[in-house]
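S.K.: Please find query38.txt (compact mmCIF, C-alpha atoms) on the next line:
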# COMPACT_ATOMS: atom_id res chain seq x y z
CA MET A 1 98.19 80.81 124.56
CA THR A 2 100.94 83.30 123.68
CA LYS A 3 102.06 85.63 126.46
CA ILE A 4 103.38 89.05 125.36
CA LEU A 5 105.18 91.35 127.79
CA ILE A 6 104.82 95.00 126.77
CA LEU A 7 107.71 97.04 128.11
CA GLY A 8 106.34 100.53 128.64
CA GLY A 9 102.87 99.01 128.84
CA SER A 10 101.28 101.95 130.64
CA GLY A 11 102.56 104.55 128.17
CA TYR A 12 100.60 106.05 125.27
CA THR A 13 101.78 103.51 122.69
CA GLY A 14 101.90 100.61 125.14
CA ARG A 15 98.27 100.93 126.22
CA LEU A 16 97.11 101.11 122.58
CA LEU A 17 99.13 98.00 121.73
CA ALA A 18 97.53 96.19 124.66
CA ARG A 19 94.02 97.24 123.70
CA HIS A 20 94.33 96.21 120.06
CA LEU A 21 95.97 92.91 121.01
CA LEU A 22 93.08 92.14 123.35
CA GLU A 23 90.57 93.04 120.63
CA GLN A 24 92.25 91.09 117.84
CA THR A 25 93.90 88.09 119.53
CA ASP A 26 93.58 85.70 122.47
CA ALA A 27 97.10 86.55 123.72
CA GLU A 28 97.85 87.14 127.40
CA ILE A 29 99.30 90.59 128.07
CA VAL A 30 101.78 91.63 130.75
CA LEU A 31 102.04 95.39 131.26
CA ALA A 32 105.59 96.09 132.42
CA ALA A 33 106.34 99.57 133.77
CA ARG A 34 108.34 101.36 136.45
CA ASP A 35 105.13 102.66 138.02
CA LEU A 36 103.35 99.48 139.16
CA GLU A 37 100.32 101.35 140.49
CA LYS A 38 99.69 102.98 137.13
CA ALA A 39 100.20 99.71 135.24
CA GLN A 40 97.90 97.82 137.61
CA ALA A 41 95.16 100.42 137.24
CA LEU A 42 95.32 100.00 133.46
CA ALA A 43 95.34 96.21 133.78
CA ASP A 44 92.22 96.34 135.97
CA GLN A 45 90.51 98.65 133.46
CA LEU A 46 91.32 96.39 130.51
CA ASN A 47 90.26 93.25 132.38
CA GLY A 48 86.95 94.97 133.05
CA GLU A 49 86.47 95.64 129.32
CA PHE A 50 87.71 92.34 127.88
CA LYS A 51 86.76 88.82 128.94
CA GLY A 52 89.21 86.29 130.29
CA ALA A 53 91.25 88.38 132.73
CA ARG A 54 94.17 88.22 130.29
CA VAL A 55 96.06 91.28 131.56
CA THR A 56 98.52 91.40 134.43
CA ALA A 57 100.91 94.12 135.59
CA VAL A 58 104.48 93.91 136.83
CA ARG A 59 107.01 96.47 137.95
CA VAL A 60 110.10 96.50 135.75
CA ASP A 61 113.09 98.80 135.64
CA ALA A 62 114.37 98.25 132.10
CA ALA A 63 117.79 99.55 133.09
CA GLU A 64 118.19 96.55 135.42
CA ALA A 65 118.70 93.24 133.62
CA ALA A 66 117.66 91.18 136.64
CA SER A 67 114.35 93.02 136.91
CA LEU A 68 113.55 92.45 133.23
CA LYS A 69 114.66 88.81 133.14
CA SER A 70 112.46 88.05 136.12
CA ALA A 71 109.45 89.60 134.41
CA LEU A 72 110.14 87.62 131.22
CA ARG A 73 109.74 84.23 132.90
CA GLY A 74 106.89 82.46 131.14
CA ALA A 75 106.63 85.08 128.39
CA ASP A 76 106.88 84.28 124.68
CA MET A 77 107.65 87.78 123.37
CA LEU A 78 109.05 91.06 124.61
CA LEU A 79 107.34 93.99 122.89
CA ALA A 80 109.53 97.04 123.55
CA ALA A 81 107.35 100.17 123.57
CA ALA A 82 109.32 102.13 126.18
CA PRO A 83 111.55 104.92 124.79
CA LEU A 84 115.25 104.17 124.50
CA THR A 85 115.96 106.92 127.02
CA SER A 86 114.37 104.78 129.76
CA ALA A 87 114.98 101.32 128.28
CA PRO A 88 118.68 100.91 127.36
CA PRO A 89 118.70 98.80 124.19
CA GLU A 90 121.66 96.62 125.17
CA THR A 91 119.99 95.61 128.44
CA VAL A 92 116.58 95.02 126.83
CA ILE A 93 117.82 93.15 123.75
CA ARG A 94 120.26 90.93 125.62
CA SER A 95 117.68 90.18 128.30
CA ALA A 96 115.24 88.95 125.65
CA LEU A 97 117.91 86.84 124.00
CA GLU A 98 119.09 85.32 127.28
CA ALA A 99 115.51 84.68 128.41
CA GLY A 100 114.83 82.79 125.17
CA VAL A 101 111.88 84.95 124.06
CA ASP A 102 111.04 86.62 120.76
CA TYR A 103 111.33 90.40 120.48
CA LEU A 104 109.75 93.36 118.69
CA ASP A 105 110.46 97.07 119.12
CA VAL A 106 108.78 100.31 118.05
CA GLN A 107 111.76 102.46 118.95
CA LEU A 108 113.86 104.90 116.91
CA GLY A 109 117.63 104.75 116.98
CA MET A 110 120.58 103.84 114.76
CA LYS A 111 122.60 102.58 117.74
CA LYS A 112 119.79 100.17 118.66
CA LEU A 113 119.70 98.90 115.08
CA ALA A 114 123.50 98.51 114.96
CA LEU A 115 123.42 96.48 118.18
CA LEU A 116 120.72 94.19 116.83
CA GLN A 117 122.63 93.69 113.59
CA SER A 118 125.76 92.76 115.56
CA LEU A 119 123.72 90.07 117.34
CA ALA A 120 121.95 88.78 114.22
CA GLY A 121 123.98 85.56 114.16
CA GLU A 122 123.25 84.78 117.82
CA ILE A 123 119.56 85.55 117.34
CA LYS A 124 119.24 83.14 114.41
CA GLN A 125 121.29 80.45 116.10
CA ALA A 126 119.03 80.70 119.16
CA GLY A 127 116.00 80.19 116.89
CA ARG A 128 114.42 83.43 118.02
CA CYS A 129 112.38 85.84 115.89
CA PHE A 130 113.52 89.43 116.50
CA VAL A 131 111.62 92.20 114.69
CA THR A 132 112.78 95.81 114.67
CA GLU A 133 111.83 99.09 112.95
CA ALA A 134 108.14 98.40 113.59
CA GLY A 135 105.26 100.88 113.63
CA PHE A 136 104.41 103.83 111.39
CA HIS A 137 107.78 105.18 110.33
CA PRO A 138 109.87 103.20 110.52
CA GLY A 139 107.70 100.18 109.69
CA LEU A 140 105.17 101.07 107.01
CA PRO A 141 107.30 102.72 104.27
CA ALA A 142 108.96 99.44 103.19
CA ALA A 143 105.66 97.58 103.61
CA LEU A 144 103.90 100.14 101.39
CA VAL A 145 106.56 99.80 98.70
CA ARG A 146 106.12 96.02 98.78
CA TYR A 147 102.34 96.50 98.68
CA ALA A 148 102.66 98.70 95.58
CA ALA A 149 105.06 96.21 94.00
CA ALA A 150 102.42 93.50 94.43
CA GLN A 151 100.10 95.55 92.19
CA LEU A 152 102.71 95.79 89.41
CA ASP A 153 104.55 93.29 87.24
CA VAL A 154 107.72 95.39 87.35
CA ILE A 155 108.42 98.20 89.82
CA GLU A 156 110.82 100.93 88.70
CA SER A 157 110.36 103.72 91.26
CA ALA A 158 108.75 104.04 94.68
CA VAL A 159 108.63 107.32 96.58
CA THR A 160 107.12 107.27 100.07
CA ALA A 161 106.13 110.36 102.01
CA GLY A 162 104.70 111.13 105.43
CA TYR A 163 102.32 113.90 106.48
CA LEU A 164 102.38 114.32 110.28
CA ASN A 165 99.96 116.94 111.56
CA MET A 166 99.25 116.43 115.25
CA GLY A 167 97.97 119.99 115.72
CA GLY A 168 95.02 120.39 118.00
CA SER A 169 96.13 117.54 120.28
CA LYS A 170 96.93 118.22 123.92
CA LEU A 171 99.42 115.44 124.56
CA PRO A 172 101.95 116.12 127.31
CA TYR A 173 105.69 115.97 126.67
CA THR A 174 107.00 112.46 127.38
CA ASP A 175 110.28 110.54 127.20
CA SER A 176 109.27 109.50 123.67
CA ALA A 177 109.99 113.08 122.57
CA ASP A 178 113.49 112.74 124.04
CA GLU A 179 113.91 109.68 121.82
CA LEU A 180 112.86 111.78 118.82
CA MET A 181 115.58 114.29 119.69
CA GLU A 182 118.13 111.47 119.83
CA PHE A 183 116.98 110.49 116.34
CA PHE A 184 117.56 114.05 115.12
CA LYS A 185 121.16 113.79 116.31
CA GLU A 186 121.61 110.88 113.87
CA TYR A 187 119.57 112.44 111.05
CA GLN A 188 120.53 111.36 107.54
CA ALA A 189 118.80 112.28 104.30
CA GLN A 190 120.08 110.01 101.51
CA VAL A 191 117.75 108.53 98.89
CA PHE A 192 118.09 105.94 96.12
CA LYS A 193 118.40 107.79 92.80
CA ASN A 194 119.40 106.62 89.32
CA GLY A 195 120.17 103.17 90.65
CA ARG A 196 122.42 104.17 93.55
CA TRP A 197 122.25 105.71 97.00
CA THR A 198 123.20 109.36 97.39
CA LYS A 199 125.70 110.39 100.07
CA PRO A 200 124.53 110.42 103.73
CA SER A 201 125.26 114.15 103.83
CA SER A 202 123.09 114.81 100.77
CA PHE A 203 119.65 116.35 100.99
CA ASP A 204 116.73 116.15 98.59
CA MET A 205 113.55 118.21 98.47
CA ARG A 206 110.55 117.72 96.22
CA LYS A 207 106.95 118.87 96.04
CA LEU A 208 104.56 115.91 96.43
CA ASP A 209 100.80 115.79 96.04
CA PHE A 210 99.03 113.98 98.87
CA GLY A 211 95.70 114.70 97.19
CA GLY A 212 92.40 115.53 98.88
CA ASP A 213 92.42 118.22 101.55
CA ILE A 214 96.19 118.01 102.10
CA GLY A 215 97.21 118.82 98.53
CA ARG A 216 100.77 119.55 97.42
CA LYS A 217 103.47 119.93 100.06
CA ASN A 218 107.18 120.59 100.13
CA CYS A 219 108.78 117.39 101.39
CA TYR A 220 112.28 116.77 102.71
CA SER A 221 114.25 113.53 102.42
CA MET A 222 114.81 111.37 105.48
CA TYR A 223 116.82 108.16 105.40
CA LEU A 224 115.11 105.05 106.77
CA PRO A 225 117.28 101.91 107.06
CA GLU A 226 114.32 99.69 106.09
CA LEU A 227 114.51 101.10 102.54
CA GLN A 228 118.16 100.06 102.13
CA ALA A 229 117.32 96.49 101.13
CA LEU A 230 114.59 97.36 98.60
CA PRO A 231 116.88 97.61 95.53
CA GLU A 232 118.11 94.08 96.32
CA MET A 233 114.54 92.82 96.71
CA TYR A 234 113.51 94.52 93.45
CA PRO A 235 116.49 94.78 91.05
CA SER A 236 114.31 96.75 88.61
CA LEU A 237 113.99 99.55 91.17
CA LYS A 238 115.90 102.68 90.17
CA GLU A 239 114.43 105.23 92.59
CA ALA A 240 113.25 104.98 96.21
CA GLY A 241 113.20 107.18 99.27
CA PHE A 242 111.22 108.57 102.16
CA TYR A 243 110.21 112.22 102.46
CA ILE A 244 108.64 114.10 105.35
CA SER A 245 106.13 116.87 104.65
CA GLU A 246 106.47 120.48 105.71
CA MET A 247 104.47 121.41 108.82
CA HIS A 248 104.52 125.19 109.35
CA TRP A 249 106.94 127.82 108.12
CA LEU A 250 108.09 128.69 111.64
CA THR A 251 108.75 125.03 112.47
CA ASP A 252 110.32 124.19 109.11
CA TYR A 253 112.69 127.15 108.80
CA PHE A 254 113.44 128.19 112.38
CA ILE A 255 112.58 125.57 115.01
CA ASN A 256 114.01 122.64 113.04
CA MET A 257 117.19 124.60 112.34
CA ALA A 258 117.49 125.63 116.00
CA VAL A 259 117.07 122.00 117.06
CA MET A 260 119.68 120.72 114.59
CA VAL A 261 122.25 123.33 115.59
CA GLY A 262 121.42 123.08 119.30
CA LEU A 263 121.87 119.32 119.37
CA LYS A 264 125.30 119.65 117.77
CA LEU A 265 126.38 122.25 120.33
CA PHE A 266 124.70 120.63 123.35
CA PRO A 267 124.18 116.93 122.48
CA ARG A 268 123.18 115.94 126.02
CA ARG A 269 121.93 119.04 127.84
CA GLY A 270 120.00 120.26 124.80
CA ILE A 271 117.74 117.24 124.39
CA ARG A 272 114.96 118.16 126.83
CA PRO A 273 114.70 121.95 126.19
CA LEU A 274 115.01 121.54 122.41
CA GLY A 275 112.56 118.65 122.54
CA LYS A 276 110.01 120.83 124.30
CA LEU A 277 110.49 123.53 121.67
CA MET A 278 109.92 121.01 118.87
CA TRP A 279 106.92 119.53 120.73
CA TRP A 280 105.35 122.97 121.09
CA GLY A 281 105.81 123.67 117.38
CA MET A 282 104.35 120.31 116.33
CA PHE A 283 101.18 120.66 118.38
CA ASN A 284 100.46 124.38 118.34
CA LEU A 285 101.43 125.80 114.94
CA PRO A 286 100.03 123.52 112.18
CA LYS A 287 96.65 124.18 110.60
CA PRO A 288 94.08 121.51 109.58
CA PRO A 289 93.71 118.88 108.27
CA TYR A 290 94.84 117.17 111.47
CA ARG A 291 95.90 113.60 110.81
CA VAL A 292 98.85 111.38 110.10
CA GLU A 293 99.18 109.96 106.59
CA LEU A 294 101.75 107.90 104.75
CA MET A 295 101.66 107.35 101.02
CA VAL A 296 103.64 105.62 98.30
CA LYS A 297 103.72 106.59 94.63
CA ALA A 298 105.16 103.79 92.54
CA LYS A 299 105.75 103.46 88.80
CA GLY A 300 106.46 100.46 86.66
CA LEU A 301 104.86 98.03 84.23
CA LYS A 302 101.64 96.05 84.35
CA ASN A 303 100.33 93.94 81.48
CA GLY A 304 103.01 95.46 79.28
CA GLN A 305 101.84 99.03 79.92
CA GLN A 306 103.35 101.87 81.90
CA ALA A 307 101.44 102.01 85.18
CA GLN A 308 101.38 103.95 88.43
CA VAL A 309 100.15 102.88 91.85
CA ARG A 310 99.28 105.28 94.64
CA ALA A 311 98.49 103.85 98.06
CA SER A 312 98.04 105.63 101.38
CA VAL A 313 97.21 104.91 105.00
CA SER A 314 95.95 107.53 107.43
CA HIS A 315 94.54 108.02 110.91
CA PRO A 316 93.76 111.09 113.02
CA ASP A 317 95.96 109.77 115.87
CA GLY A 318 99.67 109.22 115.31
CA TYR A 319 99.97 106.92 118.33
CA GLU A 320 97.22 104.72 116.87
CA LEU A 321 99.03 104.63 113.53
CA THR A 322 102.08 103.37 115.41
CA ALA A 323 100.25 100.65 117.35
CA ILE A 324 97.88 99.33 114.67
CA PRO A 325 100.55 98.26 112.11
CA VAL A 326 102.40 96.43 114.90
CA VAL A 327 99.30 94.48 115.91
CA ALA A 328 98.46 93.81 112.26
CA TYR A 329 101.94 92.28 111.88
CA LEU A 330 101.54 90.33 115.13
CA LEU A 331 98.45 88.63 113.71
CA GLN A 332 100.78 87.11 111.13
CA TYR A 333 103.36 86.28 113.79
CA LEU A 334 100.80 84.54 115.97
CA ASP A 335 99.53 82.29 113.17
CA GLY A 336 103.12 81.45 112.21
CA SER A 337 103.06 82.94 108.71
CA ALA A 338 105.51 85.73 109.64
CA LYS A 339 107.48 84.11 112.43
CA ARG A 340 110.96 83.11 111.31
CA PRO A 341 114.26 82.77 113.16
CA GLY A 342 116.57 85.69 112.72
CA LEU A 343 116.59 89.49 112.75
CA TRP A 344 113.96 91.19 110.60
CA MET A 345 112.52 94.60 109.90
CA MET A 346 108.74 94.65 110.14
CA GLY A 347 108.36 96.15 106.66
CA HIS A 348 110.33 93.23 105.19
CA LEU A 349 108.73 90.35 107.10
CA ALA A 350 105.02 91.23 107.12
CA GLU A 351 102.94 90.11 104.13
CA PRO A 352 101.92 93.57 102.85
CA VAL A 353 98.50 92.93 101.28
CA ARG A 354 97.16 91.21 104.39
CA LEU A 355 98.83 93.86 106.56
CA MET A 356 96.82 96.61 104.84
CA LYS A 357 93.56 94.66 105.08
CA ASP A 358 94.02 93.99 108.80
CA MET A 359 94.99 97.60 109.47
CA GLU A 360 91.83 98.71 107.72
CA LYS A 361 89.74 96.45 109.96
CA MET A 362 91.33 98.15 112.97
CA GLY A 363 90.38 101.67 111.89
CA VAL A 364 93.07 102.83 109.46
CA LEU A 365 91.86 104.45 106.24
CA VAL A 366 93.54 102.60 103.37
CA GLN A 367 93.24 103.94 99.83
CA THR A 368 94.69 102.47 96.65
CA SER A 369 94.47 103.59 93.04
CA GLU A 370 96.10 102.43 89.82
CA VAL A 371 96.73 104.52 86.72
CA PHE A 372 97.38 102.94 83.30
CA GLU A 373 98.68 105.60 80.92
CA THR A 374 95.97 108.28 81.18
CA SER A 375 92.99 106.32 82.57
CA GLU A 376 92.61 105.91 86.31
CA VAL A 377 91.08 102.77 87.75
CA SER A 378 90.27 102.65 91.46
CA SER A 379 91.02 99.29 93.07
CA LEU A 380 89.03 100.21 96.16
CA GLU A 381 85.41 100.98 95.39
CA LYS A 382 84.37 101.94 98.89
CA TYR A 383 86.37 103.79 101.53
CA HIS A 384 85.50 104.08 105.17
CA TYR A 385 86.64 106.57 107.71
CA PRO A 386 88.53 105.42 110.77
CA ARG A 387 86.92 105.29 114.15
CA ARG A 388 88.22 107.56 116.86
CA PRO A 389 90.46 105.80 119.38
CA ARG A 390 88.93 105.22 122.77
If you took the structure in this file and wrote it as structure tokens, what would it be?

M.R.:
Amino acid sequence: MTKILILGGSGYTGRLLARHLLEQTDAEIVLAARDLEKAQALADQLNGEFKGARVTAVRVDAAEAASLKSALRGADMLLAAAPLTSAPPETVIRSALEAGVDYLDVQLGMKKLALLQSLAGEIKQAGRCFVTEAGFHPGLPAALVRYAAAQLDVIESAVTAGYLNMGGSKLPYTDSADELMEFFKEYQAQVFKNGRWTKPSSFDMRKLDFGGDIGRKNCYSMYLPELQALPEMYPSLKEAGFYISEMHWLTDYFINMAVMVGLKLFPRRGIRPLGKLMWWGMFNLPKPPYRVELMVKAKGLKNGQQAQVRASVSHPDGYELTAIPVVAYLLQYLDGSAKRPGLWMMGHLAEPVRLMKDMEKMGVLVQTSEVFETSEVSSLEKYHYPRRPR
């Protein structure tokens, strides 16, 4: 039986990962957190809900290598769900490598990615499977492009876009928001256009139609490293990129600008106060519909005809839409079909068609449509609406 240690196991994302893993697999779960009492209370709750007493709790300070290595004894995988601000990537990544366990993270950060890439040779030589850029975004954009490509004979363009409306939620500010602010410090906006990548300093805006009750939105380019390899995977691809939807005029034109400027002027001291400002804007200003949605619009050829594919995934809870794709990938990891030595991005390693089907079973609304010239053919006859997370 596989044993998975979830670092940050008592946090919002960590507890959802644990719950879905218990529902979907027979894996043993170790909840690792700095607050042992909180982690143990969650372990007791989960053991009361699921048979087999498969959950244990352990106190871990991720900043201390000895603490983490001790907790990893007997584990098969380290699932890093703690924010980088409390789990230094060098300590966490090297501890997993030295302990001889596999690794997966749901964290944001270019420095984390650069460190992993510098260790790629050691990871492969050790025979370990390290997966990074997992979750909603990063994670799903590359998987959605590959999913759309599977519906086409030739893919020529693939534009992905995210709609993040967490309004109406009453989630407290956490260290994960600090991690988001760190990501803003590294913000890049290049896209793949006319067969080449634009400059990192470039910026692209376009109006995209999400359909349904969301409709058309102004969307702003955001660079995701997982998209970098797509033109090599699909040489016919001439256009690709990720865009984030507008939220509210006050957030888009004032708060975002204040955050960008503030982080340049006060890169360390500004993180928490600017993060709280951004958090307030995200949860208090947007109007319905409240949900998180990611879509891809791809164009190419099928059966010799010009064709378009539109696919989307959505859920009312952004934390759920981070945890569910990870667990859907882990189903492939656990049966060995997506477990290979080396460093991988989740969107590149997961088999995309199965990923979407398994996500749908776990409560994500998945919709796919194909358009040949002017006639639209739905490839999904029946949609269902996702359950509310517990």

S.K.: My list of candidates is A:Gly270, A:Lys264, A:Gly167, A:Ala189. Which is closest to Pro286 in chain A when distances are computed with all atoms listed in the file?

M.R.: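 For Pro286 in chain A, the nearest of the given residues is A:Gly167.
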
S.K.: Measure the distance from CA of Asp178 in chain A to CA of Val327 in chain A in Å and round it to one decimal.

M.R.: 24.5 Å

S.K.: So how far away is CA of Leu16 in chain A from CA of Glu37 in chain A, in Å?

M.R.: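 Straight-line distance from CA of Glu37 in chain A to CA of Leu16 in chain A works out to 18.2 Å.
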
S.K.: Nearest to Lys217 in chain A: which of A:Gln367, A:Ser245, A:Gln151, A:Ser201 is it, counting all atoms listed in the file?

M.R.: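 Between A:Gln367, A:Ser245, A:Gln151, A:Ser201, the residue approaching Lys217 in chain A most closely is A:Ser245.
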
S.K.: Quick one: distance from CA of Tyr147 in chain A to CA of Ser314 in chain A in Å, one decimal?

M.R.: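 CA of Ser314 in chain A lies 15.5 Å from CA of Tyr147 in chain A.
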
S.K.: Please identify all polymer residues within 12 Å of Glu232 in chain A, counting all atoms listed in the file, omitting same-chain residues fewer than 4 positions from it, and present them as a PyMOL selection string.

M.R.: chain A and resi 192+195-196+226-228+236-238+240+348

S.K.: Which residue is closest to Ala328 in chain A? Choose from A:Leu277, A:Ala63, A:Ala143, A:Leu301 and count all atoms listed in the file.

M.R.: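 Once distances to Ala328 in chain A are computed over all atoms listed in the file, the minimum belongs to A:Ala143.
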
S.K.: Hey, what's within 9 Å of range 125-131 of chain A if we count only C-alpha atoms and toss same-chain stuff fewer than 2 positions away? As a CSV table (one decimal) with C-alpha atoms, in the coordinates of the input, please?

M.R.:
chain,number,residue,atom,x,y,z
A,97,LEU,CA,117.9,86.8,124.0
A,100,GLY,CA,114.8,82.8,125.2
A,101,VAL,CA,111.9,85.0,124.1
A,102,ASP,CA,111.0,86.6,120.8
A,103,TYR,CA,111.3,90.4,120.5
A,104,LEU,CA,109.8,93.4,118.7
A,105,ASP,CA,110.5,97.1,119.1
A,116,LEU,CA,120.7,94.2,116.8
A,120,ALA,CA,122.0,88.8,114.2
A,121,GLY,CA,124.0,85.6,114.2
A,122,GLU,CA,123.2,84.8,117.8
A,123,ILE,CA,119.6,85.6,117.3
A,133,GLU,CA,111.8,99.1,113.0
A,134,ALA,CA,108.1,98.4,113.6
A,339,LYS,CA,107.5,84.1,112.4
A,340,ARG,CA,111.0,83.1,111.3
A,341,PRO,CA,114.3,82.8,113.2
A,342,GLY,CA,116.6,85.7,112.7
A,343,LEU,CA,116.6,89.5,112.8
A,344,TRP,CA,114.0,91.2,110.6
A,345,MET,CA,112.5,94.6,109.9
A,346,MET,CA,108.7,94.6,110.1
A,349,LEU,CA,108.7,90.4,107.1

S.K.: Go through A:Leu171, A:Ala148, A:Ile244, A:Leu331 one by one, measure the shortest atom-to-atom distance of each to Ala311 in chain A using only C-alpha atoms, and give the residue with the smallest value.

M.R.: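 Closest residue, counting only C-alpha atoms: A:Ala148.
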
S.K.: Excluding Pro288 in chain A and its own-chain neighbours fewer than 6 positions away, which residues fall within 12 Å of it when counting only C-alpha atoms? Please give them as a list in words.

M.R.: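 Skipping anything fewer than 6 positions along the chain leaves Tyr163, Leu164, Asn165, Met166, Gly167, Gly168, Ser169, Asp213, Ile214, Gly215, Met247, His248 and Pro316 of chain A.
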
S.K.: Which residues come within 12 Å of Val261 in chain A, counting all atoms listed in the file, excluding same-chain residues fewer than 5 positions away, as a PyMOL selection string?

M.R.: chain A and resi 181+184-185+254-256+266-267+270-271+274

S.K.: Could you turn the residues from that selection into a file that holds C-alpha atoms, as a CSV table (one decimal), in the frame of the given file?

M.R.:
chain,number,residue,atom,x,y,z
A,181,MET,CA,115.6,114.3,119.7
A,184,PHE,CA,117.6,114.0,115.1
A,185,LYS,CA,121.2,113.8,116.3
A,254,PHE,CA,113.4,128.2,112.4
A,255,ILE,CA,112.6,125.6,115.0
A,256,ASN,CA,114.0,122.6,113.0
A,266,PHE,CA,124.7,120.6,123.4
A,267,PRO,CA,124.2,116.9,122.5
A,270,GLY,CA,120.0,120.3,124.8
A,271,ILE,CA,117.7,117.2,124.4
A,274,LEU,CA,115.0,121.5,122.4

S.K.: Which polymer residues, protein or nucleic acid, are no farther than 8 Å from (100.8, 101.8, 94.5), counting only C-alpha atoms, as a list in words?

M.R.: Leu144, Val145, Tyr147, Ala148, Ala149, Gln151, Val296, Lys297, Ala298, Lys299, Gln308, Val309, Arg310, Ala311, Thr368, Ser369 and Glu370 of chain A

S.K.: Choose the residue, out of A:Leu78, A:Val159, A:Ala96, A:Ala53, that has the smallest atom-to-atom separation from Leu22 in chain A; count all atoms listed in the file.

M.R.: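 Checking each candidate against Leu22 in chain A, we get A:Ala53 as the closest.
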
S.K.: Between A:Gly347, A:Pro325, A:Pro89, A:Gly9, which is the closest to Lys361 in chain A once you count only C-alpha atoms?

M.R.: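 Of all the options, A:Pro325 lies closest to Lys361 in chain A.
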